[in-house]
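Peer 1: My structure file final_4.cif, mmCIF, C-alpha atoms, is below:
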data_model
loop_
_atom_site.label_atom_id
_atom_site.label_comp_id
_atom_site.auth_asym_id
_atom_site.auth_seq_id
_atom_site.Cartn_x
_atom_site.Cartn_y
_atom_site.Cartn_z
CA MET A 71 74.79 151.02 77.88
CA LEU A 72 73.42 148.03 79.65
CA PRO A 73 70.41 146.57 77.92
CA GLU A 74 67.04 146.82 79.62
CA GLU A 75 66.91 143.03 80.03
CA ILE A 76 69.75 143.31 82.56
CA LYS A 77 68.86 146.59 84.24
CA SER A 78 65.32 145.40 84.86
CA LEU A 79 66.67 142.57 87.04
CA VAL A 80 67.56 144.87 89.95
CA GLY A 81 65.42 143.91 92.91
CA GLN A 82 64.20 140.75 91.18
CA VAL A 83 64.58 137.14 92.22
CA PHE A 84 66.67 135.89 89.31
CA SER A 85 67.91 132.53 90.52
CA THR A 86 66.69 129.78 92.81
CA SER A 87 68.15 126.37 93.49
CA ILE A 88 67.45 123.34 95.62
CA PHE A 89 70.31 121.17 96.71
CA GLU A 90 70.58 118.01 98.78
CA VAL A 91 73.64 118.13 100.97
CA GLU A 92 75.37 114.77 100.73
CA LYS A 93 78.10 113.52 103.03
CA GLU A 94 80.35 112.80 100.04
CA SER A 95 79.97 116.25 98.51
CA ILE A 96 80.91 117.77 101.89
CA ARG A 97 84.01 115.58 102.04
CA ARG A 98 85.04 116.45 98.47
CA PHE A 99 84.60 120.13 99.21
CA ALA A 100 86.73 119.86 102.37
CA ASP A 101 89.32 117.80 100.43
CA ALA A 102 89.59 120.50 97.75
CA VAL A 103 90.27 123.06 100.47
CA GLY A 104 92.61 120.73 102.35
CA ASP A 105 90.46 121.07 105.48
CA MET A 106 90.77 117.84 107.47
CA ASN A 107 88.40 118.90 110.29
CA PRO A 108 86.70 115.62 111.40
CA LEU A 109 83.35 117.42 111.81
CA TYR A 110 83.16 117.36 107.99
CA ARG A 111 84.16 113.73 107.38
CA ASP A 112 84.09 111.50 110.49
CA ALA A 113 80.53 110.39 111.34
CA GLU A 114 81.53 108.97 114.72
CA TYR A 115 83.46 112.06 115.77
CA ALA A 116 80.78 114.44 114.49
CA GLY A 117 78.07 112.31 116.13
CA LYS A 118 79.62 112.92 119.52
CA SER A 119 79.98 116.68 118.88
CA ARG A 120 77.31 119.22 119.78
CA TYR A 121 76.05 118.98 116.18
CA GLY A 122 75.23 115.28 116.47
CA SER A 123 76.10 114.57 112.83
CA ILE A 124 78.43 115.54 109.99
CA ILE A 125 78.15 119.23 109.15
CA ALA A 126 79.26 121.19 106.09
CA PRO A 127 82.00 123.81 106.51
CA PRO A 128 80.67 127.37 106.68
CA GLY A 129 80.99 128.56 103.09
CA PHE A 130 79.85 125.26 101.57
CA ILE A 131 76.38 126.63 100.93
CA SER A 132 77.42 129.52 98.70
CA SER A 133 78.35 126.90 96.13
CA VAL A 134 74.70 125.85 95.92
CA TRP A 135 74.33 128.96 93.84
CA PHE A 136 76.17 127.35 90.94
CA TRP A 137 74.08 124.20 91.02
CA GLU A 138 70.91 125.42 89.45
CA SER A 139 68.88 122.60 87.99
CA PRO A 140 69.14 122.30 84.17
CA SER A 141 65.66 123.75 83.67
CA GLU A 142 66.90 126.92 85.30
CA LYS A 143 70.20 127.22 83.41
CA GLY A 144 69.17 130.12 81.23
CA THR A 145 66.78 128.14 79.11
CA GLU A 146 64.13 130.75 79.78
CA ALA A 147 64.09 133.81 77.55
CA PRO A 148 66.18 136.71 78.86
CA GLY A 149 64.12 139.33 80.60
CA THR A 150 61.63 136.83 81.96
CA GLU A 151 61.14 136.70 85.68
CA SER A 152 63.92 134.24 86.54
CA PRO A 153 66.73 133.89 83.98
CA GLY A 154 68.98 132.07 86.40
CA LEU A 155 72.65 132.69 86.98
CA PHE A 156 73.67 131.33 83.60
CA GLY A 157 70.95 133.31 81.83
CA LEU A 158 72.32 136.46 83.43
CA ILE A 159 75.89 135.59 82.49
CA ASP A 160 74.75 134.98 78.89
CA ALA A 161 72.91 138.30 78.87
CA LEU A 162 76.04 140.07 80.11
CA ALA A 163 78.09 138.37 77.39
CA ARG A 164 75.63 139.60 74.74
CA ALA A 165 76.14 143.11 76.16
CA GLY A 166 79.91 142.70 75.66
CA TYR A 167 80.85 141.57 79.19
CA ARG A 168 82.37 138.15 78.63
CA SER A 169 84.53 137.57 81.66
CA THR A 170 83.44 137.34 85.28
CA LEU A 171 85.72 137.99 88.25
CA ASP A 172 84.69 137.24 91.81
CA SER A 173 85.52 140.26 93.94
CA GLY A 174 84.29 139.23 97.38
CA ILE A 175 81.54 137.89 99.60
CA ASP A 176 79.89 138.66 102.96
CA TYR A 177 78.28 135.88 104.98
CA GLU A 178 76.01 135.71 107.95
CA PHE A 179 75.48 132.24 109.41
CA PHE A 180 72.39 131.33 111.45
CA GLN A 181 72.23 127.53 111.60
CA PRO A 182 74.65 124.70 110.82
CA VAL A 183 74.18 122.87 107.50
CA ARG A 184 74.08 119.12 108.09
CA ALA A 185 74.64 116.18 105.79
CA GLY A 186 71.14 115.17 104.69
CA ASP A 187 69.74 118.70 104.67
CA THR A 188 67.93 120.07 101.63
CA ILE A 189 68.97 123.66 101.08
CA LYS A 190 67.02 126.12 99.00
CA SER A 191 68.66 129.30 97.78
CA THR A 192 66.94 132.42 96.52
CA SER A 193 69.05 135.11 94.86
CA VAL A 194 68.09 138.71 94.24
CA ILE A 195 70.11 141.24 92.26
CA LYS A 196 70.79 144.01 94.74
CA ASP A 197 72.65 146.35 92.42
CA ILE A 198 74.07 146.63 88.90
CA LYS A 199 76.44 149.44 88.03
CA GLU A 200 78.23 150.03 84.77
CA ARG A 201 81.48 151.99 84.78
CA LYS A 202 83.02 153.27 81.58
CA SER A 203 86.70 154.01 81.31
CA GLU A 204 89.41 154.13 78.68
CA ASP A 205 90.70 150.76 79.84
CA GLY A 206 87.35 149.24 79.01
CA ASN A 207 83.93 149.12 80.55
CA MET A 208 83.04 147.16 83.64
CA VAL A 209 79.87 146.03 85.33
CA PHE A 210 79.69 145.69 89.12
CA LEU A 211 77.06 143.24 90.24
CA VAL A 212 75.85 142.69 93.81
CA THR A 213 73.78 139.58 94.50
CA ASP A 214 72.00 138.81 97.78
CA THR A 215 71.14 135.19 98.50
CA THR A 216 69.13 133.63 101.31
CA TYR A 217 69.54 129.94 102.13
CA THR A 218 66.88 127.96 103.98
CA ASN A 219 66.77 124.31 105.01
CA GLN A 220 63.99 121.71 104.76
CA ASN A 221 62.52 122.94 108.08
CA GLY A 222 62.16 126.43 106.67
CA ASP A 223 64.96 127.73 108.93
CA LYS A 224 67.20 130.39 107.47
CA VAL A 225 70.71 128.93 107.61
CA ALA A 226 72.70 131.75 106.02
CA THR A 227 72.65 134.85 103.88
CA THR A 228 75.32 136.03 101.47
CA ARG A 229 76.11 139.19 99.57
CA TRP A 230 78.27 138.39 96.56
CA MET A 231 80.20 140.95 94.52
CA THR A 232 81.32 140.24 90.96
CA ILE A 233 82.98 142.31 88.25
CA HIS A 234 82.20 141.73 84.59
CA ARG A 235 84.42 142.96 81.77
CA MET B 236 91.17 117.91 116.91
CA ALA B 237 92.54 121.25 118.02
CA GLU B 238 92.18 122.28 121.62
CA GLN B 239 89.16 124.33 122.53
CA LEU B 240 89.63 128.08 122.64
CA PHE B 241 87.83 130.03 125.39
CA TRP B 242 86.64 133.61 125.30
CA LYS B 243 88.38 134.41 128.59
CA GLU B 244 91.76 133.57 126.97
CA ILE B 245 91.27 136.12 124.20
CA GLU B 246 93.13 139.41 124.18
CA VAL B 247 92.86 142.21 121.63
CA ASP B 248 95.82 142.22 119.18
CA MET B 249 96.41 138.52 119.84
CA GLU B 250 97.71 136.79 116.72
CA ILE B 251 96.05 133.70 115.32
CA PRO B 252 98.63 130.98 114.52
CA PRO B 253 99.24 131.16 110.72
CA LEU B 254 98.12 128.39 108.36
CA SER B 255 100.19 127.71 105.26
CA LYS B 256 98.55 126.63 102.01
CA ILE B 257 99.54 125.83 98.47
CA ALA B 258 97.39 125.78 95.33
CA THR B 259 98.30 123.79 92.24
CA THR B 260 96.60 123.57 88.85
CA ARG B 261 95.21 120.29 90.18
CA THR B 262 93.79 122.04 93.29
CA LEU B 263 92.02 124.54 91.03
CA VAL B 264 90.29 121.78 89.08
CA GLU B 265 89.41 119.94 92.29
CA TRP B 266 87.89 123.13 93.69
CA ALA B 267 85.98 123.81 90.44
CA GLY B 268 84.41 120.35 90.70
CA ALA B 269 83.67 120.60 94.43
CA SER B 270 82.29 124.14 94.34
CA GLY B 271 80.51 123.98 90.99
CA ASP B 272 82.20 127.13 89.70
CA PHE B 273 83.32 126.19 86.19
CA ASN B 274 84.55 129.62 85.11
CA PRO B 275 87.19 128.69 82.44
CA VAL B 276 89.47 131.47 83.70
CA HIS B 277 90.59 128.93 86.33
CA TYR B 278 91.65 126.10 84.00
CA ASP B 279 91.74 127.19 80.34
CA MET B 280 95.00 128.90 79.32
CA PRO B 281 93.80 130.62 76.08
CA PHE B 282 90.62 131.79 77.84
CA ALA B 283 92.65 133.16 80.77
CA GLU B 284 95.04 134.93 78.36
CA ALA B 285 92.14 136.42 76.42
CA SER B 286 90.91 137.77 79.77
CA GLY B 287 94.20 139.63 80.15
CA LEU B 288 95.80 137.19 82.60
CA ASP B 289 99.13 135.37 82.50
CA GLY B 290 97.32 132.06 82.92
CA PRO B 291 94.64 130.40 85.05
CA ILE B 292 94.27 132.13 88.43
CA VAL B 293 93.46 130.77 91.87
CA GLN B 294 89.72 131.07 92.61
CA GLY B 295 88.92 133.85 95.06
CA ALA B 296 86.42 131.52 96.70
CA LEU B 297 89.17 128.96 97.37
CA LYS B 298 91.22 131.61 99.18
CA ARG B 299 88.05 132.53 101.07
CA GLN B 300 87.63 128.93 102.12
CA TRP B 301 91.26 128.74 103.26
CA LEU B 302 90.46 131.64 105.58
CA VAL B 303 87.31 129.88 106.79
CA GLN B 304 89.41 126.77 107.54
CA PHE B 305 91.95 128.98 109.32
CA ILE B 306 89.38 130.67 111.57
CA THR B 307 87.19 127.62 112.27
CA GLY B 308 90.26 125.51 113.09
CA TRP B 309 91.34 128.18 115.57
CA MET B 310 87.95 128.60 117.27
CA GLY B 311 87.54 124.84 117.88
CA ASP B 312 84.44 122.62 117.86
CA GLU B 313 82.59 124.69 120.46
CA GLY B 314 83.18 127.93 118.58
CA THR B 315 80.66 129.23 116.04
CA LEU B 316 81.44 131.35 112.99
CA LYS B 317 78.74 134.04 112.98
CA LYS B 318 79.89 136.35 110.20
CA PHE B 319 82.62 136.24 107.63
CA SER B 320 83.48 138.57 104.78
CA CYS B 321 86.38 138.91 102.40
CA LYS B 322 87.58 140.83 99.37
CA TYR B 323 90.00 139.56 96.74
CA ARG B 324 92.74 142.18 96.42
CA ALA B 325 95.24 140.65 94.01
CA LEU B 326 95.58 137.73 91.63
CA ASP B 327 97.35 134.52 92.60
CA TYR B 328 98.74 131.98 90.16
CA PRO B 329 98.85 128.26 91.04
CA ARG B 330 101.88 126.00 91.02
CA ASN B 331 102.11 123.53 88.17
CA MET B 332 102.24 119.77 88.80
CA LYS B 333 105.52 117.83 88.57
CA THR B 334 103.88 114.40 88.73
CA MET B 335 100.28 113.23 89.14
CA THR B 336 100.44 114.00 92.84
CA GLU B 337 103.54 116.11 93.42
CA PRO B 338 103.57 119.89 92.96
CA GLU B 339 106.41 121.89 91.46
CA ASP B 340 108.23 124.27 93.77
CA GLY B 341 106.65 127.69 93.90
CA GLU B 342 104.34 129.94 95.79
CA THR B 343 103.24 129.17 99.35
CA TRP B 344 100.51 131.29 100.89
CA LEU B 345 99.95 132.08 104.56
CA CYS B 346 96.59 132.66 106.21
CA LYS B 347 97.07 135.14 109.02
CA GLY B 348 94.85 136.93 111.49
CA LYS B 349 94.61 139.11 114.53
CA VAL B 350 91.98 139.76 117.21
CA LYS B 351 90.50 143.25 116.73
CA LYS B 352 87.70 143.30 119.28
CA LYS B 353 86.31 141.27 122.18
CA TYR B 354 82.72 141.95 123.25
CA GLU B 355 79.41 140.54 124.41
CA SER B 356 76.14 140.92 122.56
CA ASP B 357 72.74 139.23 123.00
CA GLY B 358 74.20 136.87 125.59
CA GLU B 359 77.00 135.73 123.26
CA SER B 360 80.74 136.05 123.88
CA LEU B 361 82.11 137.34 120.59
CA VAL B 362 85.48 138.02 119.02
CA GLU B 363 86.08 140.03 115.85
CA CYS B 364 89.19 139.17 113.88
CA ALA B 365 90.95 140.61 110.87
CA VAL B 366 92.05 137.78 108.56
CA TRP B 367 94.09 137.81 105.39
CA VAL B 368 96.03 135.71 102.88
CA GLU B 369 99.63 136.68 102.11
CA ASN B 370 101.62 135.45 99.14
CA GLY B 371 105.31 134.49 99.35
CA LYS B 372 106.35 138.14 98.97
CA GLY B 373 104.24 139.10 101.99
CA GLU B 374 101.65 140.87 99.83
CA VAL B 375 98.04 140.62 100.98
CA THR B 376 95.99 139.11 98.16
CA THR B 377 92.77 138.50 100.13
CA GLU B 378 91.56 140.25 103.25
CA GLY B 379 88.54 139.85 105.42
CA LYS B 380 86.83 139.89 108.76
CA ALA B 381 85.41 137.13 110.92
CA ILE B 382 83.15 137.25 113.96
CA VAL B 383 83.12 134.12 116.11
CA ALA B 384 81.20 133.17 119.25
CA LEU B 385 83.28 131.30 121.83
CA PRO B 386 82.42 129.36 124.99
#
Would you encode the structure as structure tokens?
Peer 2:
Amino acid sequence: MLPEEIKSLVGQVFSTSIFEVEKESIRRFADAVGDMNPLYRDAEYAGKSRYGSIIAPPGFISSVWFWESPSEKGTEAPGTESPGLFGLIDALARAGYRSTLDSGIDYEFFQPVRAGDTIKSTSVIKDIKERKSEDGNMVFLVTDTTYTNQNGDKVATTRWMTIHR
Amino acid sequence: MAEQLFWKEIEVDMEIPPLSKIATTRTLVEWAGASGDFNPVHYDMPFAEASGLDGPIVQGALKRQWLVQFITGWMGDEGTLKKFSCKYRALDYPRNMKTMTEPEDGETWLCKGKVKKKYESDGESLVECAVWVENGKGEVTTEGKAIVALP
């Protein structure tokens, strides 16, 4: 049985982060993918494009999720209003679910993310389901995140599915 | 950069030119650092084994981003990715490194896709595509859907 500290998170904002999008972190991200699109790395090329400056690849922003500031990395007591991603993962580990597998993501994009933007993410637990079987128990977690930029414009939303065993 | 794709050129069932990718143990670490996902299942052998795996596995999110590269490269600079979703269907194991920079022989993945629908909505010219990642055996290990707006 999932402890109350986890079940009570459904519908709650459990993680927020603020991230400055730097040109270099965009380039490193694109390098790791092997995506040589000049919109992500060539200021002159990107400057002449319809974006007018270097942009981040769609998908870059979902990583913001992992970059919670240290004060938010589960230092608050479990069950408080905002345990953060790492607080939740710790709580799942205490409940016997030690490994996390990414199972998929849905995105909707509204605005480009530009180098120099400050992106704020707000994550809500949409659903937590525990499934018991002879092969071992699993928890299915659905997390909805909204990303806004420094102008208050919504740039993207994501729905992230993870499995915990 | 790639030539611009136009909505009028699109036909349903049209194939998107495949993109081949490889992932090495080094790629996995590079992606961990760039994405901020430090799940040890992607770089720590004993941890991966304790999780019931044969070794560190390729991050689902990296395969997702391969598909994003695949679709955004195809749509061109004037195209806009409106929606994208994917599910990770099977595990993929990276190649090991032979030298600091050179990978061992091994798995090569292909990003593939096909146009499913061509339509207009709210004044936008849209295309819906099925996209997927195949391993060397032709098995689909990641599959998804992309909706792009084209000029």
Peer 1: Mind running chain B against chain A at 6 Å and telling me each contacting residue's nearest atom pair with the distance in Å (one decimal), counting only C-alpha atoms, chain and number ascending, as a tab-separated table?
Peer 2:
residue	atom	partner	partner_atom	distance
B:Glu265	CA	A:Ala102	CA	5.5
B:Trp266	CA	A:Ala102	CA	5.1
B:Ala269	CA	A:Phe99	CA	4.9
B:Ser270	CA	A:Ser133	CA	5.1
B:Gly271	CA	A:Phe136	CA	5.5
B:Lys317	CA	A:Phe179	CA	5.2
B:Lys318	CA	A:Glu178	CA	4.5
B:Phe319	CA	A:Tyr177	CA	5.1
B:Ser320	CA	A:Asp176	CA	4.0
B:Cys321	CA	A:Gly174	CA	5.4
B:Lys322	CA	A:Gly174	CA	4.2
B:Tyr323	CA	A:Ser173	CA	5.3
Peer 1: To one decimal place in Å, what is the distance between CA of Gly295 in chain B and CA of Gly81 in chain A?
Peer 2: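 We find that CA of Gly295 in chain B and CA of Gly81 in chain A lie 25.7 Å from each other.
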Peer 1: Between CA of Lys333 in chain B and CA of Ala296 in chain B, what is the distance, to one decimal in Å?
Peer 2: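 Result for CA of Lys333 in chain B versus CA of Ala296 in chain B: 24.9 Å, one decimal.
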Peer 1: Evaluate the PyMOL selection byres ((chain B and resi 359) around 10) on the structure here and hand back the selected residues as a PyMOL selection string.
Peer 2: chain B and resi 354-358+360-362+383-386
Peer 1: Output C-alpha atoms of each residue in that selection to a file, as an mmCIF file, in the frame of the given file.
Peer 2:
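Saved as out.cif:
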data_model
loop_
_atom_site.group_PDB
_atom_site.id
_atom_site.type_symbol
_atom_site.label_atom_id
_atom_site.label_comp_id
_atom_site.auth_asym_id
_atom_site.auth_seq_id
_atom_site.Cartn_x
_atom_site.Cartn_y
_atom_site.Cartn_z
ATOM 1 C CA TYR B 354 82.720 141.950 123.250
ATOM 2 C CA GLU B 355 79.410 140.540 124.410
ATOM 3 C CA SER B 356 76.140 140.920 122.560
ATOM 4 C CA ASP B 357 72.740 139.230 123.000
ATOM 5 C CA GLY B 358 74.200 136.870 125.590
ATOM 6 C CA SER B 360 80.740 136.050 123.880
ATOM 7 C CA LEU B 361 82.110 137.340 120.590
ATOM 8 C CA VAL B 362 85.480 138.020 119.020
ATOM 9 C CA VAL B 383 83.120 134.120 116.110
ATOM 10 C CA ALA B 384 81.200 133.170 119.250
ATOM 11 C CA LEU B 385 83.280 131.300 121.830
ATOM 12 C CA PRO B 386 82.420 129.360 124.990
#
Peer 1: Any idea what the distance is between CA of Ala325 in chain B and CA of Trp367 in chain B?
Peer 2: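 Spanning CA of Ala325 in chain B to CA of Trp367 in chain B is a straight-line distance of 11.8 Å.
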Peer 1: Using the chain letters and numbers from the file, give me the residues hit by the PyMOL selection byres ((chain A and resi 195-208) around 10), as number ranges by chain.
Peer 2: A: 71-72, 76-85, 166-167, 169-170, 193-194, 209-215, 229-235
Peer 1: Using only C-alpha atoms, please write the residues we just selected to a file, as a tab-separated table (two decimals), in the coordinates of the input.
Peer 2:
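Writing the result to out.tsv gives the following:
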chain	number	residue	atom	x	y	z
A	71	MET	CA	74.79	151.02	77.88
A	72	LEU	CA	73.42	148.03	79.65
A	76	ILE	CA	69.75	143.31	82.56
A	77	LYS	CA	68.86	146.59	84.24
A	78	SER	CA	65.32	145.40	84.86
A	79	LEU	CA	66.67	142.57	87.04
A	80	VAL	CA	67.56	144.87	89.95
A	81	GLY	CA	65.42	143.91	92.91
A	82	GLN	CA	64.20	140.75	91.18
A	83	VAL	CA	64.58	137.14	92.22
A	84	PHE	CA	66.67	135.89	89.31
A	85	SER	CA	67.91	132.53	90.52
A	166	GLY	CA	79.91	142.70	75.66
A	167	TYR	CA	80.85	141.57	79.19
A	169	SER	CA	84.53	137.57	81.66
A	170	THR	CA	83.44	137.34	85.28
A	193	SER	CA	69.05	135.11	94.86
A	194	VAL	CA	68.09	138.71	94.24
A	209	VAL	CA	79.87	146.03	85.33
A	210	PHE	CA	79.69	145.69	89.12
A	211	LEU	CA	77.06	143.24	90.24
A	212	VAL	CA	75.85	142.69	93.81
A	213	THR	CA	73.78	139.58	94.50
A	214	ASP	CA	72.00	138.81	97.78
A	215	THR	CA	71.14	135.19	98.50
A	229	ARG	CA	76.11	139.19	99.57
A	230	TRP	CA	78.27	138.39	96.56
A	231	MET	CA	80.20	140.95	94.52
A	232	THR	CA	81.32	140.24	90.96
A	233	ILE	CA	82.98	142.31	88.25
A	234	HIS	CA	82.20	141.73	84.59
A	235	ARG	CA	84.42	142.96	81.77
Peer 1: For the structure shown, which residues end up in the PyMOL selection byres ((chain A and resi 123) around 10)? Put them as a PyMOL selection string, please?
Peer 2: chain A and resi 109-122+124-126+184-186
Peer 1: Output, as lines of an AutoDock Vina configuration file, the centre and edge lengths in Å (one decimal) of the axis-aligned box that contains all listed atoms of range 154-164 of chain A with 5 Å of margin on each side.
Peer 2:
center_x = 73.5
center_y = 135.7
center_z = 80.9
size_x = 19.1
size_y = 18.7
size_z = 22.2
Peer 1: Counting only C-alpha atoms, what is within 6 Å of Val350 in chain B, bar same-chain residues fewer than 2 positions away, as a list of chain:residue names?
Peer 2: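 Here the answer would be B:Val247, B:Asp248, B:Met249, B:Lys352, B:Cys364.
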Peer 1: Could you give me, as an mmCIF file with C-alpha atoms, in the coordinates of the input, the residues within 12 Å of Ala285 in chain B, counting only C-alpha atoms and dropping anything in the same chain fewer than 4 positions from it?
Peer 2:
data_model
loop_
_atom_site.group_PDB
_atom_site.id
_atom_site.type_symbol
_atom_site.label_atom_id
_atom_site.label_comp_id
_atom_site.auth_asym_id
_atom_site.auth_seq_id
_atom_site.Cartn_x
_atom_site.Cartn_y
_atom_site.Cartn_z
ATOM 1 C CA ARG A 168 82.370 138.150 78.630
ATOM 2 C CA SER A 169 84.530 137.570 81.660
ATOM 3 C CA ARG A 235 84.420 142.960 81.770
ATOM 4 C CA PRO B 275 87.190 128.690 82.440
ATOM 5 C CA VAL B 276 89.470 131.470 83.700
ATOM 6 C CA ASP B 279 91.740 127.190 80.340
ATOM 7 C CA MET B 280 95.000 128.900 79.320
ATOM 8 C CA PRO B 281 93.800 130.620 76.080
ATOM 9 C CA ASP B 289 99.130 135.370 82.500
ATOM 10 C CA GLY B 290 97.320 132.060 82.920
ATOM 11 C CA PRO B 291 94.640 130.400 85.050
#
Peer 1: Need the neighbours of (86.4, 122.8, 116.9): which residues are at most 9 Å away, counting all atoms listed in the file, as a list in words?
Peer 2: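 So the residues meeting the distance criterion are Asn107 and Leu109 of chain A; Met236, Ala237, Glu238, Gln239, Leu240, Thr307, Gly308, Trp309, Met310, Gly311, Asp312, Glu313, Gly314 and Thr315 of chain B.
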Peer 1: As a short mmCIF file (atom, residue, chain, number, x, y, z; two decimals), in the frame of the given file, please: range 84-106 of chain A completed to N, CA and C atoms.
Peer 2:
data_model
loop_
_atom_site.label_atom_id
_atom_site.label_comp_id
_atom_site.auth_asym_id
_atom_site.auth_seq_id
_atom_site.Cartn_x
_atom_site.Cartn_y
_atom_site.Cartn_z
N PHE A 84 66.27 136.32 90.65
CA PHE A 84 66.67 135.89 89.31
C PHE A 84 67.19 134.47 89.30
N SER A 85 67.38 133.89 90.49
CA SER A 85 67.91 132.53 90.52
C SER A 85 67.45 131.83 91.78
N THR A 86 67.00 130.60 91.62
CA THR A 86 66.69 129.78 92.81
C THR A 86 67.31 128.41 92.58
N SER A 87 67.66 127.73 93.65
CA SER A 87 68.15 126.37 93.49
C SER A 87 67.78 125.56 94.71
N ILE A 88 67.69 124.26 94.52
CA ILE A 88 67.45 123.34 95.62
C ILE A 88 68.55 122.31 95.57
N PHE A 89 69.16 122.06 96.71
CA PHE A 89 70.31 121.17 96.71
C PHE A 89 70.29 120.26 97.92
N GLU A 90 70.46 118.96 97.67
CA GLU A 90 70.58 118.01 98.78
C GLU A 90 72.04 117.93 99.19
N VAL A 91 72.28 118.12 100.46
CA VAL A 91 73.64 118.13 100.97
C VAL A 91 74.05 116.70 101.31
N GLU A 92 74.94 116.15 100.51
CA GLU A 92 75.37 114.77 100.73
C GLU A 92 76.70 114.76 101.46
N LYS A 93 76.86 113.71 102.26
CA LYS A 93 78.10 113.52 103.03
C LYS A 93 79.32 113.55 102.11
N GLU A 94 79.21 112.88 100.97
CA GLU A 94 80.35 112.80 100.04
C GLU A 94 80.68 114.15 99.41
N SER A 95 79.65 114.95 99.12
CA SER A 95 79.97 116.25 98.51
C SER A 95 80.60 117.18 99.55
N ILE A 96 80.24 117.00 100.82
CA ILE A 96 80.91 117.77 101.89
C ILE A 96 82.39 117.36 101.95
N ARG A 97 82.63 116.05 101.93
CA ARG A 97 84.01 115.58 102.04
C ARG A 97 84.86 116.06 100.86
N ARG A 98 84.28 116.00 99.65
CA ARG A 98 85.04 116.45 98.47
C ARG A 98 85.35 117.94 98.54
N PHE A 99 84.40 118.68 99.04
CA PHE A 99 84.60 120.13 99.21
C PHE A 99 85.74 120.37 100.21
N ALA A 100 85.69 119.69 101.35
CA ALA A 100 86.73 119.86 102.37
C ALA A 100 88.08 119.37 101.84
N ASP A 101 88.08 118.29 101.05
CA ASP A 101 89.32 117.80 100.43
C ASP A 101 89.93 118.86 99.51
N ALA A 102 89.08 119.50 98.70
CA ALA A 102 89.59 120.50 97.75
C ALA A 102 90.24 121.66 98.48
N VAL A 103 89.71 121.98 99.66
CA VAL A 103 90.27 123.06 100.47
C VAL A 103 91.52 122.59 101.21
N GLY A 104 91.55 121.28 101.51
CA GLY A 104 92.61 120.73 102.35
C GLY A 104 92.25 120.86 103.82
N ASP A 105 90.94 120.91 104.11
CA ASP A 105 90.46 121.07 105.48
C ASP A 105 90.11 119.69 106.04
N MET A 106 90.94 119.20 106.95
CA MET A 106 90.77 117.84 107.47
C MET A 106 89.94 117.79 108.76
#
